[in-house]
Amino acid sequence: MSAVAPRRGGAYRIVRAVLGSELRQLVRDRRALFSAVLLPALLYPLMFLSQDKLEELSRDTLAAREVSIALDLARADGSIAQRFRDLLLQRTPIALFDVDAEPLTLLAEVIPKDPELDRERIRDTVVELIGGSGHLLVTAEPDEVVRTRTSFHLYFDVKDDSAREAKERAESAIAELEDELAETLRTELLGTDPARGLHITSVDVASAEDASGAALGKLLPLIAILILMTGGSYAALAIFAGERESGTLETLLVQPVLAEHIAWGKFLAVLATALVTLAVNFASMFFCLAQGLGQLPNLEGSGGVSALRILSGFVYLPGAVLLCAVLCLVCGRARTFREGQMTIFPVMLAALVPTSIAMIPSVEMDVLLAMVPMAGPALALRDALRGDLRLIPLLAMILSHVGWAWLALSHVANILDAEKILGTKDTEAELAQRHTVSRHAIRWGFIAVLVNYILGSMLTGWRFELGTVLVFWVMVPALIVLVATGTARRTKEPWVRELGIAMPRWRYVIGAMLLAPGLARLALWFLPLQQELLPMPEGALEGSELIAGIAALGTWKLLFLLALSPGIMEELLFRGALMSGMKRDLSPAKTVLWQAFLFAAIHASIYRIVPTFTLGALFAVIALRSRSVIPAIIVHVGYDAIMVLAATGRLEWLGSAPSGHLAWLILPGLALCVLPAGAAESQARDVRPSPLDSPT
Amino acid sequence: MDPTQAPTLSKGIAIHAVGLEKVFHDPQRGDVRAVAGLDLDCRAGEIYGLLGPNGAGKTTTLRMLATILAPTAGRAEIAGIDVADDPLEVRRRIGFLSSTTGLYPRLTARELLRYFGRLHGMEEDALEARIAELIDTFDLHEFADGRCEGLSTGQKQRVSIARAVLHDPPVLILDEPTTGLDIIASSAMIEFIESRRSAGTCVLFSTHILSEAERLCDRIGIIFDGRMLAVGTLDELRARTGESWLEDVFKELVRRASEELEAAGRAPA
């Protein structure tokens, strides 16, 4: 007997067989089809449709509303009255009707006695004149002082939206009329306008294609990375983690092929899926724009961006290859779907940060930036669409990204290393068991972030003061109790212990008190620097209006809402309930990183990501060292208090140069809070173990 | 070596292992010696049962022989080829199946066989002919073109067997092939293993079900704590221990081994 004659087809045949089989399975996977085809295809039609509806709604409430105006122009100059009427009629939808405002004139002639009473009388008269349907009464008569001038009176009720709208339209008509009259008078008197000695004509030399390309270039790199992640991550999960879940991996590894060829085939399947997703998404976008279904910001139609220009989008390919290789790496290490899903979010964030930095308008693509992973391709795509892609940075980007991708891909081949996958005596069930407590904590960390995004922002947006109180004294405490009881159920300890409320040693309390002002001073120095590197967009100014509103609150109220409440409750949630779950079966380093990541995520702002990440990590280290949440609460409350007072201009001295020395307080603070405990103290600890000690 | 000239195994040794050892580095528990110096010989046309409790090292041994894991020490040859020197050539000569083997839920049985045939580098024509033959042999007609996710446990098992013998391997390595199967499916599996004897295939399988071993095996190897305690036919093992039931044979061997271990543990103290 002999084996059926095998053919030496080489690597290519194997890679093709793996690729074909993986793609076939993906095509039959409804979830893959949804995330890779349906979702990216429907994104724009849905977005534009809702955009249309919103516009319709807002138009309906404002300019699109029909207003009805009562006129008494009988005593005004005939031509002016006629021209005013015409101008008003241009401001559609509008209805005009004539009334006789004689009763009002009579009222005006009566010598005023009581202003409030007069106002009431005038109101009653106006309401009587314009009836139920009218919104505004306009009267016009020659001015009492300068008889050639016409004096307009507008009577309206400020409480009525339509009345305000009618008043605005009448005012704009009067302004236009005034300009016309002035122009006519100038021409009559001088023949020409003496003020117009100079003449400006601006000519836009950028072609329509360049302009549209530039507008697209601002958007597409960000869209591209999100879409690539959507399509690629599901495929990577299905292809790598799915293989483990279906129990086929061991079989695959006894086939007479090299693991790296299998890995290559799988990687290509992920890349192909991601690119299909991107192609479907962009095709849907161009179709929607071409059909006039919607508009992107700053973009007038698809503006004749030629097919050639769109094809230049291929400069993004090195970025796509790198991203997919990283996705394979991440998902290949995951034992299950769920584990993979948890790791994809950080990858997405890591890819978005360089991309969004590259999208700041003033950033130029130079050789150095071109080599930064994901920033280079984003800049190349932007410049290619704008039509001014330069060769040298492009080459630098391609070469460096081929290098990065090669580096990632050489590790992809190791993913299927059987020694690592099967080389542990633990069964997967045991492994999964071992991390249940930390998984619970991390899962709830994400839930807390989401709840805060949705419910928290709704509450504070609804009424700032009451909303903030509800968030910090109802919503967050509820989360704290849920997380702590969940952990307690798994560890069989009373849930209050999970909060970490224990009296710390004095060195930590003193250290925390030193750290708060030191950190705050450092932050005041850091923020302007960041503003330079990463300027806040126009939209963020709304935030400063909010700050202006907040500044009007009393100092004590402010400190309670923005320092005491978040300081206590965020610490009890993060460094208390969540961290006690995490540190049970994660290493201290992983615990600190998860803390920092979730803490940065809940603050939901790319402009605060560096400070919140750093602070989250620092608070976690302090809480781990001191075995209590209290020092972290002290630093957090103190830091927030100083920052709030500084932001509302109540601590101007802090901005001055001499206060800079306060930053040095960080050093003794860190020494007290973060440095390892002395020998004597660690001995004392061994005698009196804290209930929060991890069981290892 | 040209794979078209697979060595004849009719008289030779199909599996030969000397001093096989595997140490796992477990971050929690330090080094774990899963297999500690194991010798094993298995002839063509022979059914060899590897018997032992959970955690004795059966799976690790079989995985090393199947080239999935590399031995820490020792040597193993399959059909005369060293597993460390040329794992791909070894893989061409073995069919591997374990109780945890799954199927791709979204492929049909036929597509699955085709995929693995291609990974084995089989010619398309020969592959299609072989698939048709296997569908006949294992009676897969009814469900060969339905997706694997819709198959019953027994049907899945038949597809898995067909997959394992797709390339007509001279050596079959089966890791607890009947675990998790119902009576009908597991008796089908036992019949399949028996049928291999007449085909001249060497079958090495692990189990902790003693009756299976009693019924099937030409020779039985009893493995405990990573070491081979005894090898022989059922009669030889009976003679060695003075027990008649395999269960008692097994218990007696484990008892002796534990005593030895304890004695060795006390000696230095």
# chains A, B, ... in the order shown; residues from 1 in each chain; ligands from 1
call {"tool": "residues_around", "arguments": {"residues": "segment 230-233 of chain A", "least_positions_apart": "5", "cutoff": "12 Å", "atoms": "only C-alpha atoms", "output": "JSON, numbers by chain"}}
result
{"A": [26, 31, 32, 33, 34, 35, 36, 37, 38, 39, 40, 41, 223, 224, 225, 238, 239, 240, 241, 266, 267, 268, 269, 270, 271, 272, 273, 274, 275, 276, 277, 278, 279, 280, 281, 320, 321, 322, 323, 324, 325, 326, 327, 328, 329, 330, 331, 332, 337, 340, 341, 342, 343, 344, 345, 347, 348]}
call {"tool": "closest_atom_pairs", "arguments": {"of": "chain B", "to": "chain A", "cutoff": "8 Å", "atoms": "only C-alpha atoms", "output": "tab-separated table"}}
result
residue	atom	partner	partner_atom	distance
B:Pro3	CA	A:Ala5	CA	7.1
B:Thr4	CA	A:Ala5	CA	5.3
B:Gln5	CA	A:Ser2	CA	7.2
B:Ala6	CA	A:Ser2	CA	5.7
B:Pro7	CA	A:Ser2	CA	7.9
B:Thr8	CA	A:Met1	CA	7.2
B:Phe24	CA	A:Thr424	CA	6.3
B:His25	CA	A:Thr424	CA	7.4
B:Asp26	CA	A:Thr424	CA	6.5
B:Ala66	CA	A:Val254	CA	6.7
B:Thr67	CA	A:Val254	CA	7.1
B:Ile68	CA	A:Ala418	CA	6.2
B:Leu69	CA	A:Glu419	CA	5.8
B:Ala70	CA	A:Glu419	CA	7.6
B:Pro87	CA	A:Pro256	CA	7.7
B:Leu88	CA	A:Pro256	CA	4.5
B:Glu89	CA	A:Pro256	CA	6.9
B:Val90	CA	A:Pro256	CA	7.8
B:Arg91	CA	A:Pro256	CA	5.1
B:Arg92	CA	A:Pro256	CA	5.7
B:Arg93	CA	A:Ala3	CA	7.1
B:Phe96	CA	A:Val254	CA	7.2
B:Leu97	CA	A:Thr251	CA	7.4
B:Thr100	CA	A:Gly247	CA	6.2
B:Thr101	CA	A:Gly247	CA	5.4
B:Gly102	CA	A:Gly247	CA	4.4
B:Leu103	CA	A:Thr248	CA	6.0
B:Tyr104	CA	A:Ser246	CA	6.6
B:Pro105	CA	A:Ser246	CA	7.5
B:Arg106	CA	A:Gln25	CA	5.5
B:Leu107	CA	A:Gln25	CA	6.5
B:Tyr115	CA	A:Ala17	CA	6.7
B:Phe116	CA	A:Gln255	CA	7.6
B:Arg118	CA	A:Ala17	CA	6.6
B:Leu119	CA	A:Ile14	CA	5.9
B:His120	CA	A:Pro256	CA	6.0
B:Gly121	CA	A:Arg7	CA	4.9
B:Met122	CA	A:Pro6	CA	4.5
B:Glu123	CA	A:Arg7	CA	6.1
B:Ala126	CA	A:Val4	CA	7.9
B:His167	CA	A:Val4	CA	5.6
B:Asp168	CA	A:Ala3	CA	5.3
B:Pro169	CA	A:Ala3	CA	5.9
B:Pro170	CA	A:Ser2	CA	7.4
call {"tool": "residues_around", "arguments": {"residues": "segment 365-381 of chain A", "least_positions_apart": "6", "cutoff": "6 Å", "atoms": "only C-alpha atoms", "output": "ChimeraX atom specification"}}
result
/A:221,313,316,319,354-355,358,393,396-397,400
call {"tool": "residues_around", "arguments": {"residues": "segment 137-142 of chain B", "least_positions_apart": "4", "cutoff": "8 Å", "atoms": "only C-alpha atoms", "output": "ChimeraX atom specification"}}
result
/B:133,155,158-159,162
call {"tool": "write_last_selection", "arguments": {"atoms": "C-alpha atoms", "output": "PDB file, in the first residue's frame"}}
result
ATOM      1  CA  GLU B 133     -14.514   6.273  -2.827  1.00  0.00           C
ATOM      2  CA  GLN B 155     -22.248  11.641  11.097  1.00  0.00           C
ATOM      3  CA  ARG B 158     -17.733   9.419  10.044  1.00  0.00           C
ATOM      4  CA  VAL B 159     -16.628  12.545   8.182  1.00  0.00           C
ATOM      5  CA  ALA B 162     -12.861   9.815   6.236  1.00  0.00           C
TER       6      ALA B 162
END
call {"tool": "residues_around", "arguments": {"residues": "Ile190 of chain B", "least_positions_apart": "4", "cutoff": "10 Å", "atoms": "only C-alpha atoms", "output": "PyMOL selection string"}}
result
chain B and resi 177-178+184-186+194-195+212-213+215-216
call {"tool": "write_last_selection", "arguments": {"atoms": "C-alpha atoms", "output": "short mmCIF file (atom, residue, chain, number, x, y, z; two decimals), in the first residue's frame"}}
result
data_model
loop_
_atom_site.label_atom_id
_atom_site.label_comp_id
_atom_site.auth_asym_id
_atom_site.auth_seq_id
_atom_site.Cartn_x
_atom_site.Cartn_y
_atom_site.Cartn_z
CA PRO B 177 -11.41 8.31 19.49
CA THR B 178 -14.56 7.11 21.26
CA ILE B 184 -23.78 3.35 18.19
CA ALA B 185 -21.17 5.85 17.08
CA SER B 186 -18.47 4.38 19.28
CA GLU B 194 -10.75 -3.45 13.56
CA SER B 195 -11.14 -3.11 9.80
CA GLU B 212 -12.27 -1.22 24.26
CA ALA B 213 -8.65 -2.11 24.80
CA ARG B 215 -11.58 -6.16 22.59
CA LEU B 216 -9.35 -4.45 20.04
#
call {"tool": "decode", "arguments": {"residues": "segment 5-140 of chain B", "atoms": "C-alpha atoms", "output": "JSON list (two decimals), in the first residue's frame"}}
result
[["chain", "number", "residue", "atom", "x", "y", "z"],
["B", 5, "GLN", "CA", 7.75, 5.43, -2.74],
["B", 6, "ALA", "CA", 6.39, 5.12, 0.74],
["B", 7, "PRO", "CA", 8.31, 2.39, 2.53],
["B", 8, "THR", "CA", 6.53, -0.91, 2.79],
["B", 9, "LEU", "CA", 5.46, -1.54, 6.31],
["B", 10, "SER", "CA", 4.05, -5.02, 6.04],
["B", 11, "LYS", "CA", 6.85, -6.49, 8.16],
["B", 12, "GLY", "CA", 8.63, -3.44, 9.48],
["B", 13, "ILE", "CA", 8.28, -1.26, 12.53],
["B", 14, "ALA", "CA", 5.73, 1.51, 11.89],
["B", 15, "ILE", "CA", 6.29, 3.55, 15.05],
["B", 16, "HIS", "CA", 9.50, 3.52, 17.01],
["B", 17, "ALA", "CA", 10.13, 5.79, 19.98],
["B", 18, "VAL", "CA", 13.04, 5.77, 22.41],
["B", 19, "GLY", "CA", 13.32, 7.79, 25.64],
["B", 20, "LEU", "CA", 10.60, 10.21, 24.58],
["B", 21, "GLU", "CA", 10.31, 13.13, 26.97],
["B", 22, "LYS", "CA", 8.26, 16.32, 27.07],
["B", 23, "VAL", "CA", 8.61, 19.16, 29.56],
["B", 24, "PHE", "CA", 6.13, 22.02, 29.54],
["B", 25, "HIS", "CA", 7.05, 25.41, 30.93],
["B", 26, "ASP", "CA", 4.07, 26.52, 32.87],
["B", 27, "PRO", "CA", 4.33, 30.07, 34.24],
["B", 28, "GLN", "CA", 2.20, 29.13, 37.26],
["B", 29, "ARG", "CA", 3.61, 25.73, 38.15],
["B", 30, "GLY", "CA", 7.12, 25.83, 36.74],
["B", 31, "ASP", "CA", 8.35, 22.91, 34.60],
["B", 32, "VAL", "CA", 5.89, 20.08, 34.21],
["B", 33, "ARG", "CA", 7.23, 16.73, 32.99],
["B", 34, "ALA", "CA", 4.27, 15.37, 31.04],
["B", 35, "VAL", "CA", 6.15, 12.47, 29.45],
["B", 36, "ALA", "CA", 9.26, 11.15, 31.17],
["B", 37, "GLY", "CA", 11.33, 8.78, 29.06],
["B", 38, "LEU", "CA", 8.92, 6.60, 27.14],
["B", 39, "ASP", "CA", 9.78, 3.74, 24.77],
["B", 40, "LEU", "CA", 7.26, 2.49, 22.25],
["B", 41, "ASP", "CA", 7.28, 0.15, 19.26],
["B", 42, "CYS", "CA", 4.35, -0.51, 17.02],
["B", 43, "ARG", "CA", 4.31, -2.80, 14.02],
["B", 44, "ALA", "CA", 2.42, -2.56, 10.74],
["B", 45, "GLY", "CA", -0.95, -4.28, 10.84],
["B", 46, "GLU", "CA", -0.95, -4.07, 14.61],
["B", 47, "ILE", "CA", -3.50, -2.39, 16.85],
["B", 48, "TYR", "CA", -1.76, -0.91, 19.85],
["B", 49, "GLY", "CA", -3.71, 0.54, 22.77],
["B", 50, "LEU", "CA", -2.25, 3.15, 25.05],
["B", 51, "LEU", "CA", -4.04, 2.81, 28.37],
["B", 52, "GLY", "CA", -3.86, 5.22, 31.27],
["B", 53, "PRO", "CA", -5.76, 7.60, 33.52],
["B", 54, "ASN", "CA", -6.33, 11.25, 32.67],
["B", 55, "GLY", "CA", -3.13, 13.26, 32.83],
["B", 56, "ALA", "CA", -0.89, 10.21, 32.39],
["B", 57, "GLY", "CA", 0.69, 11.71, 29.26],
["B", 58, "LYS", "CA", -1.23, 9.81, 26.56],
["B", 59, "THR", "CA", -2.25, 12.88, 24.57],
["B", 60, "THR", "CA", 1.19, 14.47, 24.79],
["B", 61, "THR", "CA", 2.83, 11.23, 23.60],
["B", 62, "LEU", "CA", 0.49, 10.95, 20.63],
["B", 63, "ARG", "CA", 0.97, 14.62, 19.76],
["B", 64, "MET", "CA", 4.74, 14.18, 19.76],
["B", 65, "LEU", "CA", 4.44, 11.15, 17.48],
["B", 66, "ALA", "CA", 2.14, 13.16, 15.20],
["B", 67, "THR", "CA", 4.76, 15.98, 15.08],
["B", 68, "ILE", "CA", 2.38, 18.51, 16.59],
["B", 69, "LEU", "CA", 4.68, 18.93, 19.57],
["B", 70, "ALA", "CA", 8.45, 18.60, 19.52],
["B", 71, "PRO", "CA", 9.95, 16.15, 22.06],
["B", 72, "THR", "CA", 12.15, 17.75, 24.73],
["B", 73, "ALA", "CA", 14.39, 14.69, 24.64],
["B", 74, "GLY", "CA", 14.39, 11.27, 23.01],
["B", 75, "ARG", "CA", 13.71, 10.22, 19.47],
["B", 76, "ALA", "CA", 10.75, 8.98, 17.47],
["B", 77, "GLU", "CA", 10.42, 7.58, 13.98],
["B", 78, "ILE", "CA", 7.28, 7.02, 11.96],
["B", 79, "ALA", "CA", 7.74, 4.61, 9.05],
["B", 80, "GLY", "CA", 11.47, 5.10, 9.38],
["B", 81, "ILE", "CA", 11.37, 8.90, 9.28],
["B", 82, "ASP", "CA", 12.48, 10.90, 12.30],
["B", 83, "VAL", "CA", 9.74, 13.25, 13.56],
["B", 84, "ALA", "CA", 12.27, 15.96, 14.36],
["B", 85, "ASP", "CA", 14.12, 15.75, 11.04],
["B", 86, "ASP", "CA", 11.26, 15.81, 8.57],
["B", 87, "PRO", "CA", 7.92, 16.46, 10.23],
["B", 88, "LEU", "CA", 6.17, 17.16, 6.91],
["B", 89, "GLU", "CA", 7.12, 13.74, 5.50],
["B", 90, "VAL", "CA", 5.94, 12.14, 8.73],
["B", 91, "ARG", "CA", 2.61, 13.95, 8.47],
["B", 92, "ARG", "CA", 2.09, 12.53, 4.96],
["B", 93, "ARG", "CA", 2.22, 9.06, 6.48],
["B", 94, "ILE", "CA", -0.09, 9.48, 9.44],
["B", 95, "GLY", "CA", -3.78, 9.96, 9.89],
["B", 96, "PHE", "CA", -4.62, 11.79, 13.12],
["B", 97, "LEU", "CA", -7.92, 11.98, 14.92],
["B", 98, "SER", "CA", -8.80, 13.01, 18.45],
["B", 99, "SER", "CA", -11.94, 13.22, 20.52],
["B", 100, "THR", "CA", -11.85, 17.02, 20.34],
["B", 101, "THR", "CA", -11.52, 17.10, 16.55],
["B", 102, "GLY", "CA", -14.10, 19.39, 15.05],
["B", 103, "LEU", "CA", -15.26, 20.14, 11.53],
["B", 104, "TYR", "CA", -15.61, 23.48, 9.79],
["B", 105, "PRO", "CA", -19.28, 24.25, 10.42],
["B", 106, "ARG", "CA", -19.75, 26.22, 7.18],
["B", 107, "LEU", "CA", -18.15, 23.74, 4.79],
["B", 108, "THR", "CA", -19.89, 20.67, 3.41],
["B", 109, "ALA", "CA", -18.33, 17.27, 4.07],
["B", 110, "ARG", "CA", -17.19, 17.10, 0.44],
["B", 111, "GLU", "CA", -15.60, 20.57, 0.58],
["B", 112, "LEU", "CA", -13.87, 19.69, 3.81],
["B", 113, "LEU", "CA", -12.36, 16.54, 2.32],
["B", 114, "ARG", "CA", -11.32, 18.49, -0.76],
["B", 115, "TYR", "CA", -9.63, 21.16, 1.40],
["B", 116, "PHE", "CA", -7.57, 18.66, 3.37],
["B", 117, "GLY", "CA", -6.75, 16.74, 0.19],
["B", 118, "ARG", "CA", -5.34, 19.93, -1.31],
["B", 119, "LEU", "CA", -3.30, 20.58, 1.82],
["B", 120, "HIS", "CA", -1.88, 17.09, 1.27],
["B", 121, "GLY", "CA", -0.93, 18.16, -2.22],
["B", 122, "MET", "CA", -3.14, 15.60, -3.93],
["B", 123, "GLU", "CA", -3.87, 15.96, -7.66],
["B", 124, "GLU", "CA", -7.39, 17.24, -8.33],
["B", 125, "ASP", "CA", -8.50, 14.18, -10.34],
["B", 126, "ALA", "CA", -7.08, 11.67, -7.91],
["B", 127, "LEU", "CA", -8.57, 13.68, -5.07],
["B", 128, "GLU", "CA", -12.10, 13.65, -6.51],
["B", 129, "ALA", "CA", -11.88, 9.92, -7.15],
["B", 130, "ARG", "CA", -10.66, 9.31, -3.61],
["B", 131, "ILE", "CA", -13.45, 11.45, -2.14],
["B", 132, "ALA", "CA", -16.06, 9.50, -4.10],
["B", 133, "GLU", "CA", -14.51, 6.27, -2.83],
["B", 134, "LEU", "CA", -14.58, 7.47, 0.79],
["B", 135, "ILE", "CA", -18.18, 8.62, 0.49],
["B", 136, "ASP", "CA", -19.00, 5.06, -0.57],
["B", 137, "THR", "CA", -16.88, 3.41, 2.10],
["B", 138, "PHE", "CA", -18.23, 5.43, 5.00],
["B", 139, "ASP", "CA", -21.70, 5.83, 3.55],
["B", 140, "LEU", "CA", -21.70, 9.61, 3.54]]
